[in-house]
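Peer 1: Have a look at this one before I ask anything.
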Amino acid sequence: MSKSSGMSTPGRGYLSSYRGRGGRGKPPNLNYDGRNDTSNTILHHGKKKLIAQSFSGSNTSSYTKDPLHDEFQEFLKQKQQKEGNIPESSSHASYANIAKDDDDSHLYIENLNKEIILLIEEKDSQWADNPWIIMERYLSNNSLPYGSYKPRGFYENILVHMKSVEINHFSSGNEKEKGNYSFSKIIIKKIISFEEWGISPLNEKEMFSQNNTNFKFNYFDYIESFYKTFYFENKKQRHSWFIKICENIFHKPIPTWFFSWWRIFGPSTNILPEKFSSLMKEWVAISPSIQNKEKYIEGKTSCIFFIEFGIPWIWKWKPTFGYTNYGAPCLWRIGMCKFWEKLMRLDTETGEIFGSETIEKIKEKINIYRNDQEKREEDENTSPFKLFAQKYSEIYPKEKIIDIFLEQMKKDISKQIRSSESDASMNSDLSFTKSNNPMRDAQDPEDDIDDDIEDLPDIDNAFEKFKDSLLK
């Protein structure tokens, strides 16, 4: 595997001694990306090109239809105009100038959650202020430690093979920079659950590389793919991901492990502009998805909000030196997010911001949830007679329904009196009763109930008045 792909060769004998499960053969091309497909060139300046690498499974479709294409071209053009590198009338821009920009990490919000990249030695603390040096010492040009024949591209291909994602990489067309992606776009289209995988998560599925070498993977490889796919980094440490989760995922149960993934890769709600954050507060108070009695999972609220309305964000990562909770020196990976600012830009054609459709969708859903809640509250406050009448309205006339309902009420009252008498009797001294007559306990309990009902003042009058009110 070439060094320019961002991954080092696992060993000297890699090409000659590789053995896959399907037998001896050449090592698979785990980073197949249609890199030589000129139809994916979106910028051409002299001998340099900006190529959109497609991992969506098709090498024939042109990437120029992607919404990020026009935006990125316009960004390049405006950037060079601002720096005076090209006249305003020029339609060509050089990616090389953009690559010289200062780091934009200050525009991101760091995630409070982090994960260990690898444990290191105490002597490496001399590079604590420049953790990239430590990364290079341990991982060469790679961005993660990985097992034999399972580089980052292996995991990316699993997600593509399972049709869980569509991925496009943007990179410079310069031969020296091949594979040095500047940014990537991923659309998460489905998340396969434990039940959907098969009888056991250890059941293996098979995929083939371009040279027909087969690879097998199980459900735990699939889960791991959602992490390791995002660990790419370019030589300038400037790579970022555009991430969007399709709204259809909201309509199915989300596996618990994905909420753990969200703690690393999901954005903080602090990145939301006021128009979105104010609506989220209304949504939180009314959404049935987070009103249930299930145990709270950290990050679940923001995860569901972003998924339900398909709100994209930008993610990148950086290493930092630190210590584990048991004192071992290590490199941490910290995720950083920012809002996709295009949603707040003004669309000159419509006079509205690009995110207006998403905002209206949120408002509409809030109204639906509010109406549903009001209906539920109305049903909960409905009188017992109204519910009873609705049940028998097509069987009996109204007066008959009232008679049946009142008769049922009398029976319920009788049961309550009987229950009260029974409880009082059990709590009293068994050697004494309310009457000293030893025959009282042998009397029919129904006699006491009838006596109690008869002793209630104006019980019949009360039921008659109630009946008259129901007839009105």
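Naming scheme: A, B, ... for chains in displayed order of the structure tokens; residues 1 onward per chain; ligands 1 onward as shown.
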I need the residues in region 286-366 of chain A that are strand (DSSP E) according to DSSP; give them as an NGL selection string.
Peer 2: :A and (313-323 or 329-339 or 346-347 or 352-353)
Peer 1: Would you mind listing, for every residue of region 262-287 of chain A within 12 Å of region 338-357 of chain A, the two atoms forming the shortest contact and the distance between them in Å to one decimal, using only C-alpha atoms, sorted by chain and ascending residue number, as CSV?
Peer 2:
```
residue,atom,partner,partner_atom,distance
A:Phe265,CA,A:Lys338,CA,11.3
A:Gly266,CA,A:Lys338,CA,10.2
A:Pro267,CA,A:Lys338,CA,7.2
A:Ser268,CA,A:Lys338,CA,8.5
A:Thr269,CA,A:Phe339,CA,9.5
A:Asn270,CA,A:Lys338,CA,9.0
A:Ile271,CA,A:Phe339,CA,5.5
A:Leu272,CA,A:Phe339,CA,6.4
A:Pro273,CA,A:Phe339,CA,8.0
A:Glu274,CA,A:Met344,CA,10.4
A:Lys275,CA,A:Met344,CA,9.2
A:Phe276,CA,A:Gly355,CA,9.5
A:Ser277,CA,A:Phe339,CA,11.7
```
Peer 1: For those residues, write C-alpha atoms to a file as an mmCIF file, in the first residue's frame.
Peer 2:
```cif
data_model
loop_
_atom_site.group_PDB
_atom_site.id
_atom_site.type_symbol
_atom_site.label_atom_id
_atom_site.label_comp_id
_atom_site.auth_asym_id
_atom_site.auth_seq_id
_atom_site.Cartn_x
_atom_site.Cartn_y
_atom_site.Cartn_z
ATOM 1 C CA PHE A 265 -18.468 12.309 16.881
ATOM 2 C CA GLY A 266 -21.760 14.059 17.577
ATOM 3 C CA PRO A 267 -21.828 17.849 17.949
ATOM 4 C CA SER A 268 -22.495 19.826 21.074
ATOM 5 C CA THR A 269 -25.770 21.745 21.010
ATOM 6 C CA ASN A 270 -23.614 24.833 21.623
ATOM 7 C CA ILE A 271 -22.793 24.911 17.905
ATOM 8 C CA LEU A 272 -26.435 25.668 17.026
ATOM 9 C CA PRO A 273 -27.266 29.230 15.947
ATOM 10 C CA GLU A 274 -30.047 30.977 17.874
ATOM 11 C CA LYS A 275 -32.726 30.139 15.305
ATOM 12 C CA PHE A 276 -32.015 26.444 15.757
ATOM 13 C CA SER A 277 -31.259 26.393 19.488
#
```
Peer 1: When distances are computed from only C-alpha atoms, which of A:Lys415, A:Arg333, A:Arg263, A:Lys281 shows the smallest separation from Ile117 (chain A)?
Peer 2: A:Arg333
Peer 1: How many Å lie between CA of Glu233 (chain A) and CA of Lys300 (chain A), rounded to one decimal?
Peer 2: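 Between CA of Glu233 (chain A) and CA of Lys300 (chain A) the gap is 27.8 Å.
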Peer 1: If you count only C-alpha atoms, which residues fall within 9 Å of Ile191 (chain A), apart from same-chain ones fewer than 5 positions away, as JSON, numbers by chain?
Peer 2: {"A": [164, 165, 249, 254, 255, 258]}
Peer 1: Could you save those same residues with all heavy atoms as an mmCIF file, in the first residue's frame?
Peer 2:
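Result file is selection02.cif:
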```
data_model
loop_
_atom_site.group_PDB
_atom_site.id
_atom_site.type_symbol
_atom_site.label_atom_id
_atom_site.label_comp_id
_atom_site.auth_asym_id
_atom_site.auth_seq_id
_atom_site.Cartn_x
_atom_site.Cartn_y
_atom_site.Cartn_z
ATOM 1 N N SER A 164 -24.435 1.286 4.379
ATOM 2 C CA SER A 164 -24.770 2.118 5.539
ATOM 3 C C SER A 164 -24.405 3.580 5.303
ATOM 4 O O SER A 164 -24.968 4.465 5.951
ATOM 5 C CB SER A 164 -24.042 1.611 6.795
ATOM 6 O OG SER A 164 -24.667 0.453 7.304
ATOM 7 N N VAL A 165 -23.468 3.825 4.390
ATOM 8 C CA VAL A 165 -23.014 5.197 4.159
ATOM 9 C C VAL A 165 -22.739 5.432 2.677
ATOM 10 O O VAL A 165 -22.570 4.485 1.900
ATOM 11 C CB VAL A 165 -21.716 5.503 4.948
ATOM 12 C CG1 VAL A 165 -21.907 5.281 6.434
ATOM 13 C CG2 VAL A 165 -20.543 4.672 4.422
ATOM 14 N N ILE A 249 -33.494 7.212 9.547
ATOM 15 C CA ILE A 249 -32.954 6.469 10.685
ATOM 16 C C ILE A 249 -33.760 6.754 11.944
ATOM 17 O O ILE A 249 -33.876 5.904 12.833
ATOM 18 C CB ILE A 249 -31.462 6.804 10.882
ATOM 19 C CG1 ILE A 249 -30.645 6.214 9.721
ATOM 20 C CG2 ILE A 249 -30.926 6.302 12.214
ATOM 21 C CD1 ILE A 249 -29.174 6.550 9.754
ATOM 22 N N ILE A 254 -32.808 3.068 17.453
ATOM 23 C CA ILE A 254 -31.376 3.328 17.280
ATOM 24 C C ILE A 254 -30.604 2.464 18.265
ATOM 25 O O ILE A 254 -30.876 2.497 19.467
ATOM 26 C CB ILE A 254 -31.065 4.817 17.522
ATOM 27 C CG1 ILE A 254 -31.818 5.685 16.505
ATOM 28 C CG2 ILE A 254 -29.567 5.084 17.423
ATOM 29 C CD1 ILE A 254 -31.692 7.170 16.744
ATOM 30 N N PRO A 255 -29.636 1.661 17.792
ATOM 31 C CA PRO A 255 -28.867 0.803 18.698
ATOM 32 C C PRO A 255 -28.180 1.620 19.792
ATOM 33 O O PRO A 255 -27.717 2.741 19.549
ATOM 34 C CB PRO A 255 -27.835 0.144 17.778
ATOM 35 C CG PRO A 255 -28.434 0.219 16.406
ATOM 36 C CD PRO A 255 -29.217 1.499 16.379
ATOM 37 N N PHE A 258 -24.751 3.261 19.300
ATOM 38 C CA PHE A 258 -24.616 4.466 18.472
ATOM 39 C C PHE A 258 -24.619 5.724 19.334
ATOM 40 O O PHE A 258 -24.015 6.727 18.962
ATOM 41 C CB PHE A 258 -25.751 4.527 17.444
ATOM 42 C CG PHE A 258 -25.515 5.570 16.384
ATOM 43 C CD1 PHE A 258 -24.626 5.333 15.350
ATOM 44 C CD2 PHE A 258 -26.168 6.789 16.425
ATOM 45 C CE1 PHE A 258 -24.386 6.303 14.372
ATOM 46 C CE2 PHE A 258 -25.951 7.762 15.453
ATOM 47 C CZ PHE A 258 -25.048 7.515 14.428
#
```
Peer 1: One decimal, in Å: what's the spacing between CA of Ser184 (chain A) and CA of Phe220 (chain A)?
Peer 2: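 Between CA of Ser184 (chain A) and CA of Phe220 (chain A) the gap works out to 24.3 Å.
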Peer 1: Report the distance between CA of Ser419 (chain A) and CA of Phe385 (chain A) in Å, rounded to one decimal place.
Peer 2: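 Going from CA of Ser419 (chain A) over to CA of Phe385 (chain A), I get 23.5 Å.
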Peer 1: Using only C-alpha atoms, can you tell me which of A:Lys123, A:Glu196, A:Phe215, A:Ile116 comes closest to His161 (chain A)?
Peer 2: A:Phe215
